[in-house]
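Peer 1: My questions all concern the structure below.
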Amino acid sequence: MTWPADLPAELAGLLPSLVGVLLLIAVVTALLRGFHVPRPYAPALAILRGTLQLAAISLILSGIISDPLWVGVGLSVMFIAAVSTVNRRLGATRQHFGWIAVAMAIGILATLIVVFSVGAIEFSPRYVLSYGGIIIGNAMSIATLTGRRFGEAVTDHWDEVEGWMALGATPRQSTLDLARRAVYFAIIPTTDQTKTTGLVTLPGAFVGAIFGGASPLEAGRFQIVVLAGILCAGAITAITLIQFLAPIRMKPATIPT
């Protein structure tokens, strides 16, 4: 592991950004408190946690970004953290953890294999880490949305589910329409982001590539591969996860907030 020689100077240059973040989060907290929103300090705590985690990972990545072994370790840690986060959101059980891990692993690995095997993105530790991290994070979000949407739908329509089972439908058949809707709604945010890319938003991967010195064409190419990968991994993850969740025989417990 090697560290960049100009690391102290880079750290010193972060002061203006720190001040800006503090001012922004102060505005958010003041507004939430003023409107009496529950847990008004949650965004501030989230920013603090994110800052500490990014600081740690930034220092670590500075030393491992070119080492394939450490890149693999880093992606593994990201994956475990992502699965744990989804599991906590869906009920924090061992069974859920296994289902989520399998669903996300299939979606993520399938996407990475396609992208790097055809040469859509250069197969190097640097790109595997950056692209893999993006895919893992978005697969996590889609898995969470899928599980929560499905659980809420089954709870809200439990009388209908019971009615179908009383008529002889299997647990999977009785929730099939709800499962399909859960997958559909889970990928809507990503679909909308993809449709409005360049028109409403400039996604982070595109902007980051531009700031890194890439041409607009190259940055656009990278962003499209990112968006396609997110949709692919998300769809595989959502459909695989719903196959585990869908056979429900009892009304789900309250979904954690």
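For the structure tokens, the naming scheme is as follows: chains receive sequential letters (A, B, ...) according to their order of presentation, residues are indexed from 1 within each chain, and ligands are indexed from 1 in presentation order.
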Skipping near chain neighbours, those fewer than 6 positions away, what residues fall within 12 Å of region 84-90 of chain A using only C-alpha atoms, listed as a CSV table (one decimal) with N, CA, C and O atoms, in the first residue's frame?

Peer 2:
```csv
chain,number,residue,atom,x,y,z
A,77,VAL,N,-16.2,-5.8,1.6
A,77,VAL,CA,-16.7,-5.1,2.8
A,77,VAL,C,-17.9,-4.2,2.4
A,77,VAL,O,-18.9,-4.2,3.1
A,78,MET,N,-17.9,-3.6,1.2
A,78,MET,CA,-19.0,-2.8,0.8
A,78,MET,C,-20.2,-3.7,0.6
A,78,MET,O,-21.3,-3.3,1.0
A,96,HIS,N,-33.6,-13.6,6.0
A,96,HIS,CA,-33.5,-12.4,5.1
A,96,HIS,C,-32.1,-12.1,4.7
A,96,HIS,O,-31.9,-11.8,3.5
A,97,PHE,N,-31.2,-12.2,5.6
A,97,PHE,CA,-29.8,-11.9,5.2
A,97,PHE,C,-29.3,-12.8,4.1
A,97,PHE,O,-28.7,-12.3,3.1
A,98,GLY,N,-29.6,-14.1,4.2
A,98,GLY,CA,-29.2,-15.0,3.2
A,98,GLY,C,-29.9,-14.7,1.9
A,98,GLY,O,-29.2,-14.7,0.8
A,99,TRP,N,-31.2,-14.5,1.9
A,99,TRP,CA,-31.9,-14.2,0.7
A,99,TRP,C,-31.3,-12.9,0.0
A,99,TRP,O,-31.1,-12.9,-1.2
A,100,ILE,N,-31.1,-11.9,0.8
A,100,ILE,CA,-30.6,-10.6,0.3
A,100,ILE,C,-29.2,-10.8,-0.3
A,100,ILE,O,-28.9,-10.3,-1.4
A,101,ALA,N,-28.4,-11.5,0.4
A,101,ALA,CA,-27.0,-11.7,-0.1
A,101,ALA,C,-27.0,-12.5,-1.4
A,101,ALA,O,-26.3,-12.1,-2.4
A,103,ALA,N,-29.5,-12.7,-3.7
A,103,ALA,CA,-30.1,-11.8,-4.7
A,103,ALA,C,-29.2,-10.8,-5.2
A,103,ALA,O,-29.0,-10.5,-6.4
A,104,MET,N,-28.5,-10.1,-4.3
A,104,MET,CA,-27.6,-9.0,-4.6
A,104,MET,C,-26.4,-9.5,-5.3
A,104,MET,O,-25.9,-8.9,-6.3
A,136,ILE,N,-23.0,-1.9,-6.4
A,136,ILE,CA,-23.4,-2.4,-5.1
A,136,ILE,C,-24.3,-1.4,-4.4
A,136,ILE,O,-25.3,-1.8,-3.8
A,137,GLY,N,-24.0,-0.2,-4.3
A,137,GLY,CA,-24.8,0.8,-3.6
A,137,GLY,C,-26.2,0.9,-4.2
A,137,GLY,O,-27.2,1.0,-3.5
A,138,ASN,N,-26.3,0.9,-5.5
A,138,ASN,CA,-27.6,1.0,-6.1
A,138,ASN,C,-28.4,-0.3,-6.0
A,138,ASN,O,-29.7,-0.2,-5.9
A,139,ALA,N,-27.8,-1.4,-6.1
A,139,ALA,CA,-28.5,-2.7,-5.9
A,139,ALA,C,-29.0,-2.7,-4.5
A,139,ALA,O,-30.1,-3.2,-4.2
A,140,MET,N,-28.3,-2.2,-3.5
A,140,MET,CA,-28.8,-2.1,-2.1
A,140,MET,C,-30.1,-1.3,-2.0
A,140,MET,O,-31.0,-1.7,-1.4
A,141,SER,N,-30.1,-0.1,-2.7
A,141,SER,CA,-31.3,0.7,-2.6
A,141,SER,C,-32.5,0.0,-3.3
A,141,SER,O,-33.6,0.1,-2.7
A,142,ILE,N,-32.3,-0.6,-4.4
A,142,ILE,CA,-33.4,-1.3,-5.1
A,142,ILE,C,-33.9,-2.5,-4.3
A,142,ILE,O,-35.1,-2.7,-4.3
A,143,ALA,N,-33.0,-3.2,-3.7
A,143,ALA,CA,-33.4,-4.3,-2.9
A,143,ALA,C,-34.2,-3.9,-1.7
A,143,ALA,O,-35.2,-4.5,-1.3
A,144,THR,N,-33.8,-2.8,-1.1
A,144,THR,CA,-34.6,-2.2,0.1
A,144,THR,C,-36.0,-1.8,-0.4
A,144,THR,O,-37.0,-2.1,0.3
A,145,LEU,N,-36.0,-1.1,-1.5
A,145,LEU,CA,-37.3,-0.6,-2.0
A,145,LEU,C,-38.2,-1.8,-2.4
A,145,LEU,O,-39.4,-1.8,-2.1
A,146,THR,N,-37.6,-2.8,-3.0
A,146,THR,CA,-38.4,-4.0,-3.4
A,146,THR,C,-39.0,-4.7,-2.1
A,146,THR,O,-40.2,-4.9,-2.1
A,147,GLY,N,-38.2,-4.9,-1.1
A,147,GLY,CA,-38.7,-5.6,0.1
A,147,GLY,C,-39.7,-4.8,0.8
A,147,GLY,O,-40.7,-5.3,1.3
A,148,ARG,N,-39.5,-3.5,0.9
A,148,ARG,CA,-40.4,-2.7,1.7
A,148,ARG,C,-41.7,-2.5,0.9
A,148,ARG,O,-42.8,-2.5,1.5
A,149,ARG,N,-41.6,-2.3,-0.4
A,149,ARG,CA,-42.9,-2.1,-1.2
A,149,ARG,C,-43.7,-3.4,-1.1
A,149,ARG,O,-44.9,-3.3,-0.9
A,150,PHE,N,-43.0,-4.5,-1.2
A,150,PHE,CA,-43.8,-5.8,-1.2
A,150,PHE,C,-44.4,-6.0,0.2
A,150,PHE,O,-45.6,-6.4,0.3
A,151,GLY,N,-43.7,-5.8,1.3
A,151,GLY,CA,-44.2,-6.0,2.6
A,151,GLY,C,-45.4,-5.1,2.9
A,151,GLY,O,-46.4,-5.5,3.5
A,152,GLU,N,-45.2,-3.8,2.5
A,152,GLU,CA,-46.3,-2.9,2.7
A,152,GLU,C,-47.6,-3.2,1.9
A,152,GLU,O,-48.7,-3.1,2.4
A,237,THR,N,-31.6,-8.2,-9.1
A,237,THR,CA,-31.7,-8.3,-7.6
A,237,THR,C,-33.1,-8.3,-7.1
A,237,THR,O,-33.5,-9.1,-6.3
A,241,LEU,N,-34.9,-11.4,-5.4
A,241,LEU,CA,-35.3,-11.3,-4.0
A,241,LEU,C,-36.8,-11.5,-3.8
A,241,LEU,O,-37.2,-12.1,-2.8
A,245,LEU,N,-39.2,-13.8,-1.2
A,245,LEU,CA,-40.1,-13.1,-0.3
A,245,LEU,C,-41.6,-13.5,-0.6
A,245,LEU,O,-42.4,-13.5,0.3
A,252,PRO,N,-47.4,-10.2,7.2
A,252,PRO,CA,-46.1,-9.8,7.7
A,252,PRO,C,-46.1,-8.9,8.9
A,252,PRO,O,-47.1,-8.2,9.2
A,253,ALA,N,-45.1,-9.0,9.7
A,253,ALA,CA,-45.0,-8.1,10.9
A,253,ALA,C,-44.7,-6.7,10.4
A,253,ALA,O,-44.4,-6.4,9.2
A,254,THR,N,-44.8,-5.7,11.3
A,254,THR,CA,-44.5,-4.3,11.0
A,254,THR,C,-43.1,-4.1,10.4
A,254,THR,O,-42.2,-4.6,11.0
A,255,ILE,N,-43.0,-3.4,9.3
A,255,ILE,CA,-41.7,-3.2,8.7
A,255,ILE,C,-40.9,-2.1,9.5
A,255,ILE,O,-41.5,-1.1,9.8
A,256,PRO,N,-39.7,-2.4,9.8
A,256,PRO,CA,-38.9,-1.4,10.5
A,256,PRO,C,-38.8,-0.1,9.8
A,256,PRO,O,-38.8,-0.1,8.6
A,257,THR,N,-38.6,1.0,10.5
A,257,THR,CA,-38.5,2.3,9.9
A,257,THR,C,-37.0,2.6,9.7
A,257,THR,O,-36.2,1.9,10.3
```

Peer 1: As a VMD selection string, please: all residues of region 145-254 of chain A that backbone DSSP puts in helix (DSSP H, G or I).

Peer 2: chain A and resid 145 to 156 158 to 166 171 to 174 176 to 196 204 to 211 216 to 245

Peer 1: Could you name the residues that touch region 227-234 of chain A at 10 Å or less, counting only C-alpha atoms, but leaving out those on the same chain fewer than 5 positions away, as a ChimeraX atom specification?

Peer 2: /A:103-112,114-115,131-132,134-143,146,183,186-188,190-191,193-195,197,203,205,222,239-240

Peer 1: Please produce a file of the residues just selected, as a compact mmCIF listing (two decimals), in the first residue's frame, where the atoms kept are N, CA and C atoms.

Peer 2:
```txt
# COMPACT_ATOMS: atom_id res chain seq x y z
N ALA A 103 -29.52 -12.67 -3.68
CA ALA A 103 -30.12 -11.85 -4.73
C ALA A 103 -29.18 -10.75 -5.21
N MET A 104 -28.54 -10.07 -4.26
CA MET A 104 -27.63 -9.00 -4.65
C MET A 104 -26.39 -9.54 -5.34
N ALA A 105 -25.87 -10.65 -4.86
CA ALA A 105 -24.67 -11.23 -5.46
C ALA A 105 -24.92 -11.61 -6.92
N ILE A 106 -26.08 -12.21 -7.18
CA ILE A 106 -26.40 -12.60 -8.56
C ILE A 106 -26.49 -11.36 -9.45
N GLY A 107 -27.21 -10.36 -8.99
CA GLY A 107 -27.38 -9.15 -9.79
C GLY A 107 -26.07 -8.41 -10.04
N ILE A 108 -25.28 -8.27 -9.00
CA ILE A 108 -24.02 -7.53 -9.11
C ILE A 108 -23.01 -8.28 -9.97
N LEU A 109 -22.82 -9.56 -9.69
CA LEU A 109 -21.83 -10.34 -10.45
C LEU A 109 -22.20 -10.45 -11.92
N ALA A 110 -23.49 -10.67 -12.21
CA ALA A 110 -23.91 -10.75 -13.61
C ALA A 110 -23.59 -9.46 -14.35
N THR A 111 -23.84 -8.35 -13.71
CA THR A 111 -23.58 -7.05 -14.33
C THR A 111 -22.09 -6.82 -14.55
N LEU A 112 -21.29 -7.09 -13.54
CA LEU A 112 -19.85 -6.87 -13.65
C LEU A 112 -19.24 -7.78 -14.72
N VAL A 114 -20.67 -9.00 -17.42
CA VAL A 114 -21.03 -8.50 -18.75
C VAL A 114 -20.19 -7.28 -19.11
N VAL A 115 -20.14 -6.31 -18.21
CA VAL A 115 -19.46 -5.05 -18.50
C VAL A 115 -17.98 -5.23 -18.76
N TYR A 131 -16.60 1.18 -10.36
CA TYR A 131 -17.84 0.70 -10.97
C TYR A 131 -18.56 -0.29 -10.04
N GLY A 132 -17.79 -1.19 -9.44
CA GLY A 132 -18.39 -2.14 -8.52
C GLY A 132 -19.05 -1.47 -7.34
N ILE A 134 -20.37 1.53 -7.23
CA ILE A 134 -21.62 2.16 -7.68
C ILE A 134 -22.72 1.13 -7.81
N ILE A 135 -22.42 0.00 -8.42
CA ILE A 135 -23.42 -1.04 -8.63
C ILE A 135 -23.90 -1.62 -7.30
N ILE A 136 -22.99 -1.85 -6.38
CA ILE A 136 -23.37 -2.39 -5.07
C ILE A 136 -24.32 -1.43 -4.35
N GLY A 137 -23.97 -0.15 -4.33
CA GLY A 137 -24.79 0.83 -3.64
C GLY A 137 -26.19 0.94 -4.20
N ASN A 138 -26.31 0.92 -5.51
CA ASN A 138 -27.63 1.04 -6.12
C ASN A 138 -28.43 -0.26 -6.02
N ALA A 139 -27.76 -1.40 -6.08
CA ALA A 139 -28.46 -2.67 -5.87
C ALA A 139 -29.03 -2.72 -4.46
N MET A 140 -28.29 -2.17 -3.51
CA MET A 140 -28.76 -2.09 -2.12
C MET A 140 -30.05 -1.29 -2.05
N SER A 141 -30.09 -0.14 -2.68
CA SER A 141 -31.28 0.72 -2.63
C SER A 141 -32.48 0.04 -3.27
N ILE A 142 -32.26 -0.60 -4.41
CA ILE A 142 -33.37 -1.26 -5.10
C ILE A 142 -33.85 -2.46 -4.32
N ALA A 143 -32.95 -3.20 -3.69
CA ALA A 143 -33.36 -4.33 -2.86
C ALA A 143 -34.22 -3.85 -1.68
N THR A 146 -37.64 -2.82 -2.97
CA THR A 146 -38.43 -3.99 -3.35
C THR A 146 -39.04 -4.67 -2.13
N VAL A 183 -41.58 -4.79 -7.64
CA VAL A 183 -40.40 -4.68 -8.50
C VAL A 183 -40.50 -3.44 -9.38
N ALA A 186 -39.89 -0.32 -7.37
CA ALA A 186 -38.52 -0.26 -6.86
C ALA A 186 -37.54 0.30 -7.88
N ILE A 187 -37.80 0.04 -9.15
CA ILE A 187 -36.85 0.51 -10.17
C ILE A 187 -37.28 1.83 -10.81
N ILE A 188 -38.42 2.38 -10.39
CA ILE A 188 -38.87 3.67 -10.94
C ILE A 188 -37.83 4.77 -10.73
N THR A 190 -34.59 4.74 -10.50
CA THR A 190 -33.46 4.56 -11.42
C THR A 190 -33.89 4.79 -12.86
N THR A 191 -35.07 4.31 -13.22
CA THR A 191 -35.58 4.51 -14.57
C THR A 191 -35.76 6.00 -14.86
N GLN A 193 -34.25 8.51 -13.34
CA GLN A 193 -32.94 9.15 -13.40
C GLN A 193 -32.30 8.93 -14.76
N THR A 194 -32.46 7.71 -15.29
CA THR A 194 -31.88 7.40 -16.59
C THR A 194 -32.55 8.21 -17.70
N LYS A 195 -33.88 8.33 -17.64
CA LYS A 195 -34.60 9.07 -18.67
C LYS A 195 -34.26 10.55 -18.67
N THR A 197 -31.37 11.92 -17.50
CA THR A 197 -29.93 12.21 -17.49
C THR A 197 -29.58 13.19 -18.61
N PRO A 203 -25.48 13.27 -13.63
CA PRO A 203 -25.15 12.26 -12.61
C PRO A 203 -23.71 12.35 -12.13
N ALA A 205 -21.29 10.14 -11.70
CA ALA A 205 -20.23 9.49 -12.46
C ALA A 205 -19.78 10.37 -13.64
N PHE A 222 -19.06 6.51 -20.07
CA PHE A 222 -18.95 5.86 -18.76
C PHE A 222 -20.28 5.94 -18.00
N ILE A 239 -35.97 -9.01 -8.76
CA ILE A 239 -36.76 -10.19 -9.14
C ILE A 239 -36.31 -11.42 -8.37
N THR A 240 -34.99 -11.56 -8.17
CA THR A 240 -34.50 -12.70 -7.39
C THR A 240 -34.96 -12.61 -5.94
```
